[in-house]
>>> print(open('data11.txt').read())   # compact mmCIF, C-alpha atoms
# COMPACT_ATOMS: atom_id res chain seq x y z
CA MET A 1 0.00 0.00 0.00
CA VAL A 2 1.27 3.47 -0.95
CA GLU A 3 0.11 7.08 -0.79
CA LYS A 4 -1.27 7.98 -4.22
CA LYS A 5 0.43 11.37 -4.48
CA SER A 6 3.96 10.65 -3.19
CA MET A 7 4.05 6.85 -3.82
CA GLY A 8 5.45 6.48 -0.31
CA LYS A 9 4.84 3.14 1.41
CA ILE A 10 2.26 2.98 4.16
CA HIS A 11 3.40 1.77 7.60
CA TYR A 12 1.33 0.46 10.46
CA ARG A 13 1.76 1.76 14.00
CA LYS A 14 0.71 0.11 17.25
CA VAL A 15 -1.65 2.50 19.06
CA ASN A 16 -3.20 2.24 22.52
CA GLU A 17 -6.97 2.40 21.96
CA GLU A 18 -7.53 4.18 25.29
CA THR A 19 -4.84 6.89 25.06
CA GLY A 20 -4.44 7.08 21.28
CA LYS A 21 -0.66 7.12 21.74
CA GLU A 22 1.78 4.93 19.80
CA VAL A 23 3.24 2.03 21.82
CA LYS A 24 6.82 0.86 21.44
CA TRP A 25 7.35 -2.79 20.57
CA GLU A 26 9.18 -3.50 23.85
CA ASP A 27 6.13 -2.25 25.80
CA ILE A 28 3.67 -4.56 24.04
CA GLY A 29 2.64 -7.75 25.84
CA LYS A 30 0.22 -10.61 25.25
CA ALA A 31 -2.81 -11.30 27.41
CA TYR A 32 -5.74 -13.70 27.54
CA LYS A 33 -9.22 -12.50 28.45
CA LEU A 34 -10.61 -14.72 31.21
CA ASN A 35 -13.85 -13.85 33.03
CA ASP A 36 -13.80 -10.28 31.64
CA LYS A 37 -10.28 -9.74 32.93
CA TYR A 38 -7.03 -9.77 30.93
CA ILE A 39 -4.32 -12.11 32.25
CA LEU A 40 -0.88 -10.88 31.18
CA LEU A 41 1.43 -13.62 29.95
CA ASP A 42 5.22 -13.59 29.66
CA ASP A 43 7.71 -15.69 27.71
CA ALA A 44 8.04 -18.20 30.55
CA ASP A 45 4.30 -18.94 30.43
CA PHE A 46 4.43 -19.76 26.74
CA GLU A 47 7.59 -21.82 27.25
CA ASN A 48 5.93 -23.90 29.98
CA ALA A 49 2.90 -24.62 27.79
CA SER A 50 4.73 -25.23 24.51
CA PRO A 51 5.28 -28.80 23.30
CA GLU A 52 8.76 -30.28 23.35
CA LYS A 53 10.66 -29.19 20.26
CA SER A 54 11.94 -32.03 18.14
CA LYS A 55 13.02 -32.70 14.54
CA ILE A 56 11.19 -36.02 14.73
CA ILE A 57 7.91 -36.50 12.87
CA GLU A 58 6.00 -39.11 14.82
CA VAL A 59 3.71 -41.30 12.71
CA ASN A 60 1.24 -43.05 14.99
CA HIS A 61 -1.59 -44.13 12.66
CA PHE A 62 -2.02 -45.38 9.11
CA VAL A 63 -5.33 -44.84 7.32
CA LYS A 64 -6.85 -44.71 3.86
CA GLU A 65 -6.49 -41.22 2.42
CA SER A 66 -10.14 -41.27 1.31
CA GLU A 67 -11.18 -41.43 4.99
CA ILE A 68 -9.79 -37.93 5.64
CA ASN A 69 -12.25 -35.20 4.63
CA THR A 70 -10.64 -32.49 2.52
CA ILE A 71 -12.06 -29.82 4.85
CA TYR A 72 -9.22 -30.61 7.27
CA TYR A 73 -6.35 -29.93 4.82
CA GLU A 74 -4.18 -26.80 4.99
CA ASN A 75 -0.58 -26.42 3.75
CA SER A 76 1.75 -29.05 2.31
CA TYR A 77 5.53 -29.42 2.72
CA TYR A 78 8.19 -31.65 1.19
CA ALA A 79 9.77 -33.87 3.84
CA GLU A 80 13.52 -34.47 3.37
CA PRO A 81 15.41 -37.08 5.41
CA GLU A 82 18.62 -36.54 7.30
CA LYS A 83 21.57 -38.70 6.23
CA SER A 84 20.99 -41.14 9.07
CA GLY A 85 17.34 -41.61 8.09
CA VAL A 86 17.62 -42.17 4.34
CA LYS A 87 16.97 -45.92 4.51
CA ALA A 88 13.96 -45.57 6.83
CA TYR A 89 12.62 -42.75 4.64
CA ALA A 90 12.84 -44.90 1.50
CA LEU A 91 11.28 -47.88 3.25
CA LEU A 92 8.31 -45.85 4.52
CA ARG A 93 7.82 -44.22 1.12
CA GLU A 94 7.73 -47.59 -0.69
CA ALA A 95 5.52 -49.22 1.95
CA LEU A 96 2.97 -46.40 1.74
CA THR A 97 3.02 -46.62 -2.05
CA LYS A 98 2.49 -50.40 -2.00
CA THR A 99 -0.36 -50.32 0.55
CA GLY A 100 -2.04 -47.16 -0.73
CA MET A 101 -2.17 -45.89 2.83
CA VAL A 102 -1.10 -42.56 4.37
CA GLY A 103 0.44 -41.89 7.75
CA VAL A 104 -1.12 -39.59 10.35
CA ALA A 105 1.74 -37.72 11.96
CA GLN A 106 2.34 -35.23 14.74
CA PHE A 107 5.21 -32.76 14.89
CA VAL A 108 6.15 -29.37 16.29
CA LEU A 109 6.32 -26.42 13.89
CA ARG A 110 7.93 -23.41 15.57
CA THR A 111 6.09 -23.48 18.93
CA ALA A 112 2.84 -25.25 18.06
CA GLU A 113 2.02 -28.93 17.82
CA MET A 114 0.71 -29.90 14.41
CA LEU A 115 -1.28 -32.75 12.95
CA ALA A 116 -0.44 -33.87 9.43
CA VAL A 117 -0.84 -36.49 6.73
CA LEU A 118 2.32 -38.10 5.35
CA LYS A 119 2.02 -39.52 1.84
CA PRO A 120 4.30 -40.41 -1.09
CA TYR A 121 4.42 -38.10 -4.09
CA ASP A 122 6.69 -39.29 -6.89
CA ASN A 123 10.02 -39.87 -5.14
CA VAL A 124 9.39 -37.70 -2.10
CA LEU A 125 7.23 -37.81 1.02
CA VAL A 126 4.81 -34.91 1.39
CA LEU A 127 3.64 -33.67 4.76
CA SER A 128 0.18 -32.06 4.48
CA LYS A 129 -0.87 -30.13 7.56
CA ILE A 130 -4.44 -30.77 8.71
CA ILE A 131 -6.39 -28.98 11.39
CA PHE A 132 -7.85 -30.50 14.54
CA ALA A 133 -11.55 -31.35 14.76
CA GLU A 134 -12.27 -28.54 17.24
CA GLU A 135 -11.07 -26.00 14.67
CA ILE A 136 -13.93 -26.85 12.29
CA ARG A 137 -16.91 -24.55 12.59
CA ASP A 138 -20.28 -26.22 13.09
CA PRO A 139 -22.48 -25.44 10.04
CA GLU A 140 -25.58 -25.50 12.23
CA GLY A 141 -27.22 -22.09 12.14
CA PHE A 142 -26.51 -21.36 8.48
CA SER A 143 -29.48 -20.69 6.20
CA LEU A 144 -29.29 -23.91 4.20
CA PRO A 145 -31.98 -25.50 2.01
CA PRO A 146 -33.49 -28.73 3.37
CA LYS A 147 -32.32 -32.07 2.02
CA THR A 148 -35.86 -32.88 0.94
CA GLY A 149 -37.78 -31.02 -1.76
CA VAL A 150 -35.56 -31.77 -4.76
CA LYS A 151 -37.64 -33.05 -7.64
CA ALA A 152 -36.68 -36.40 -9.14
CA ALA A 153 -36.60 -35.00 -12.68
CA GLU A 154 -34.30 -32.15 -11.66
CA LEU A 155 -31.97 -34.54 -9.83
CA LYS A 156 -31.83 -36.88 -12.84
CA MET A 157 -31.00 -33.95 -15.13
CA ALA A 158 -28.31 -32.64 -12.75
CA VAL A 159 -26.72 -36.11 -12.49
CA SER A 160 -26.68 -36.36 -16.31
CA LEU A 161 -24.97 -32.98 -16.48
CA ILE A 162 -22.31 -34.06 -13.96
CA ASN A 163 -21.67 -37.28 -15.89
CA GLN A 164 -21.36 -35.32 -19.14
CA TYR A 165 -18.64 -33.09 -17.75
CA SER A 166 -16.84 -35.80 -15.78
CA GLY A 167 -13.24 -36.80 -16.42
CA LYS A 168 -9.90 -37.46 -14.80
CA PHE A 169 -8.58 -34.65 -12.65
CA ASN A 170 -5.59 -32.83 -14.15
CA ILE A 171 -4.30 -29.92 -12.06
CA GLU A 172 -2.39 -28.50 -15.04
CA LYS A 173 -5.68 -27.64 -16.74
CA PHE A 174 -6.40 -25.07 -14.06
CA THR A 175 -4.60 -21.73 -13.98
CA ASP A 176 -4.77 -18.60 -11.86
CA GLU A 177 -6.38 -16.43 -14.53
CA TYR A 178 -6.80 -13.42 -12.28
CA SER A 179 -3.07 -13.16 -11.45
CA ALA A 180 -2.11 -13.54 -15.12
CA SER A 181 -4.64 -10.90 -16.16
CA LEU A 182 -3.54 -8.50 -13.41
CA LEU A 183 0.10 -8.85 -14.52
CA LYS A 184 -0.95 -7.94 -18.08
CA VAL A 185 -2.70 -4.85 -16.71
CA ILE A 186 0.44 -3.86 -14.76
CA LYS A 187 2.79 -4.34 -17.73
CA ALA A 188 0.47 -2.39 -20.04
CA LYS A 189 0.14 0.42 -17.51
CA ALA A 190 3.93 0.58 -17.13
CA LYS A 191 4.14 1.25 -20.88
CA GLY A 192 1.44 3.91 -20.69
CA LYS A 193 -1.13 1.68 -22.34
CA LYS A 194 -4.47 0.32 -21.19
CA PHE A 195 -5.27 -3.36 -21.12
CA THR A 196 -8.91 -4.43 -21.02
CA GLN A 197 -9.75 -8.03 -20.29
CA LYS A 198 -12.72 -9.43 -22.19
CA LYS A 199 -15.33 -10.48 -19.68
CA SER A 200 -17.42 -13.57 -20.25
CA GLU A 201 -21.06 -13.07 -19.44
CA VAL A 202 -22.21 -15.15 -16.49
CA THR A 203 -25.89 -14.82 -15.85
CA SER A 204 -27.91 -16.10 -12.95
CA SER A 205 -31.62 -16.63 -12.87
CA ASP A 206 -34.31 -17.60 -10.44
CA THR A 207 -34.28 -21.19 -9.19
CA LYS A 208 -37.67 -21.66 -10.89
CA ASP A 209 -35.76 -21.77 -14.19
CA LEU A 210 -33.37 -24.51 -12.97
CA MET A 211 -34.75 -27.15 -15.32
CA GLU A 212 -34.35 -24.79 -18.30
CA GLN A 213 -30.75 -24.08 -17.27
CA LEU A 214 -29.94 -27.78 -16.97
CA LYS A 215 -31.56 -28.60 -20.31
CA ALA A 216 -29.69 -25.79 -22.06
CA SER A 217 -26.39 -26.92 -20.53
CA LEU A 218 -26.92 -30.51 -21.65
CA LYS A 219 -27.56 -29.33 -25.22
CA LYS A 220 -24.18 -27.59 -25.37
CA GLN A 221 -22.41 -30.97 -25.67
CA HIS A 222 -19.06 -29.66 -24.36
CA LYS A 223 -19.02 -26.69 -26.78
CA SER A 224 -18.27 -24.48 -23.80
CA ASN A 225 -17.41 -24.90 -20.16
CA TYR A 226 -20.34 -25.54 -17.88
CA GLN A 227 -20.89 -22.94 -15.17
CA LEU A 228 -23.25 -23.32 -12.26
CA SER A 229 -24.02 -20.11 -10.37
CA ILE A 230 -25.20 -20.43 -6.78
CA VAL A 231 -26.86 -17.19 -5.73
CA ASN A 232 -28.64 -16.00 -2.60
>>> encode(input="data11.txt", output="structure tokens")
Amino acid sequence: MVEKKSMGKIHYRKVNEETGKEVKWEDIGKAYKLNDKYILLDDADFENASPEKSKIIEVNHFVKESEINTIYYENSYYAEPEKSGVKAYALLREALTKTGMVGVAQFVLRTAEMLAVLKPYDNVLVLSKIIFAEEIRDPEGFSLPPKTGVKAAELKMAVSLINQYSGKFNIEKFTDEYSASLLKVIKAKAKGKKFTQKKSEVTSSDTKDLMEQLKASLKKQHKSNYQLSIVN
């Protein structure tokens, strides 16, 4: 972020909400609100609560990857063995490949204990961080349509549409179009030109026209990409 006139970068300052004065970094502490009262914590408190740091990734369960819901997945990392662990690394990689199983592992990243899935990917083991069950928000309370009420004809048409556009997943077919388009805008603007991206028209209609939408999509026969718009 910059100031439009001077192009100077914008900085953020820590300000006391009660006094309005800027607070120096060395005067800033961390506190936890308990029973409407803030409990100030120091480094020793965090040290006492933190898990034991270790370079060891402990695998304590083996499961089928399909049993882990994708809602739990976060970031992925390549796992590289130390020289003393090359043989064990290779053995685990080949065993997981042969059985089609993945390992559920626990490890410490910085100061927090993490849960992860360990799986083979080509010639390397990949550690995919997953979140704990208590971190998942309960969907109860959202304004969701009931499971009943879907007409059989509509469901049959929707299933046919899904089957028509089904195929093997290939990640290389998907690209970050927004980033590529934004870079074109930046490069054009740097040259004093204007780049305008052609927008494809995406229309949404009332759910009463759902059957007409499905029928029209089925008639396209792969001439264009199918788009389903979910609107409020």
>>> atom_distance(input="data11.txt", atom1="CA of Asn48 in chain A", atom2="CA of Glu113 in chain A")
13.7 Å
>>> residues_near_point(input="data11.txt", point="(-4.6, -1.5, -20.5)", cutoff="12 Å", atoms="only C-alpha atoms", output="compact mmCIF listing (two decimals) with C-alpha atoms, in the frame of the given file")
# COMPACT_ATOMS: atom_id res chain seq x y z
CA SER A 181 -4.64 -10.90 -16.16
CA LEU A 182 -3.54 -8.50 -13.41
CA LEU A 183 0.10 -8.85 -14.52
CA LYS A 184 -0.95 -7.94 -18.08
CA VAL A 185 -2.70 -4.85 -16.71
CA ILE A 186 0.44 -3.86 -14.76
CA LYS A 187 2.79 -4.34 -17.73
CA ALA A 188 0.47 -2.39 -20.04
CA LYS A 189 0.14 0.42 -17.51
CA ALA A 190 3.93 0.58 -17.13
CA LYS A 191 4.14 1.25 -20.88
CA GLY A 192 1.44 3.91 -20.69
CA LYS A 193 -1.13 1.68 -22.34
CA LYS A 194 -4.47 0.32 -21.19
CA PHE A 195 -5.27 -3.36 -21.12
CA THR A 196 -8.91 -4.43 -21.02
CA GLN A 197 -9.75 -8.03 -20.29
CA LYS A 198 -12.72 -9.43 -22.19
>>> residues_around(input="data11.txt", residues="Asn16 in chain A", least_positions_apart="5", cutoff="12 Å", atoms="all atoms listed in the file", output="list in words")
Lys21, Glu22, Val23, Lys24, Trp25, Asp27 and Ile28 of chain A
>>> closest_residue(input="data11.txt", among="A:Asn69, A:Ser76, A:Asn163, A:Thr175", to="Phe132 in chain A", atoms="all atoms listed in the file")
A:Asn69
>>> atom_distance(input="data11.txt", atom1="CA of Leu161 in chain A", atom2="CA of Leu214 in chain A")
7.2 Å
>>> closest_residue(input="data11.txt", among="A:Asp42, A:Asp122, A:Glu47, A:Glu140", to="Arg110 in chain A", atoms="all atoms listed in the file")
A:Glu47
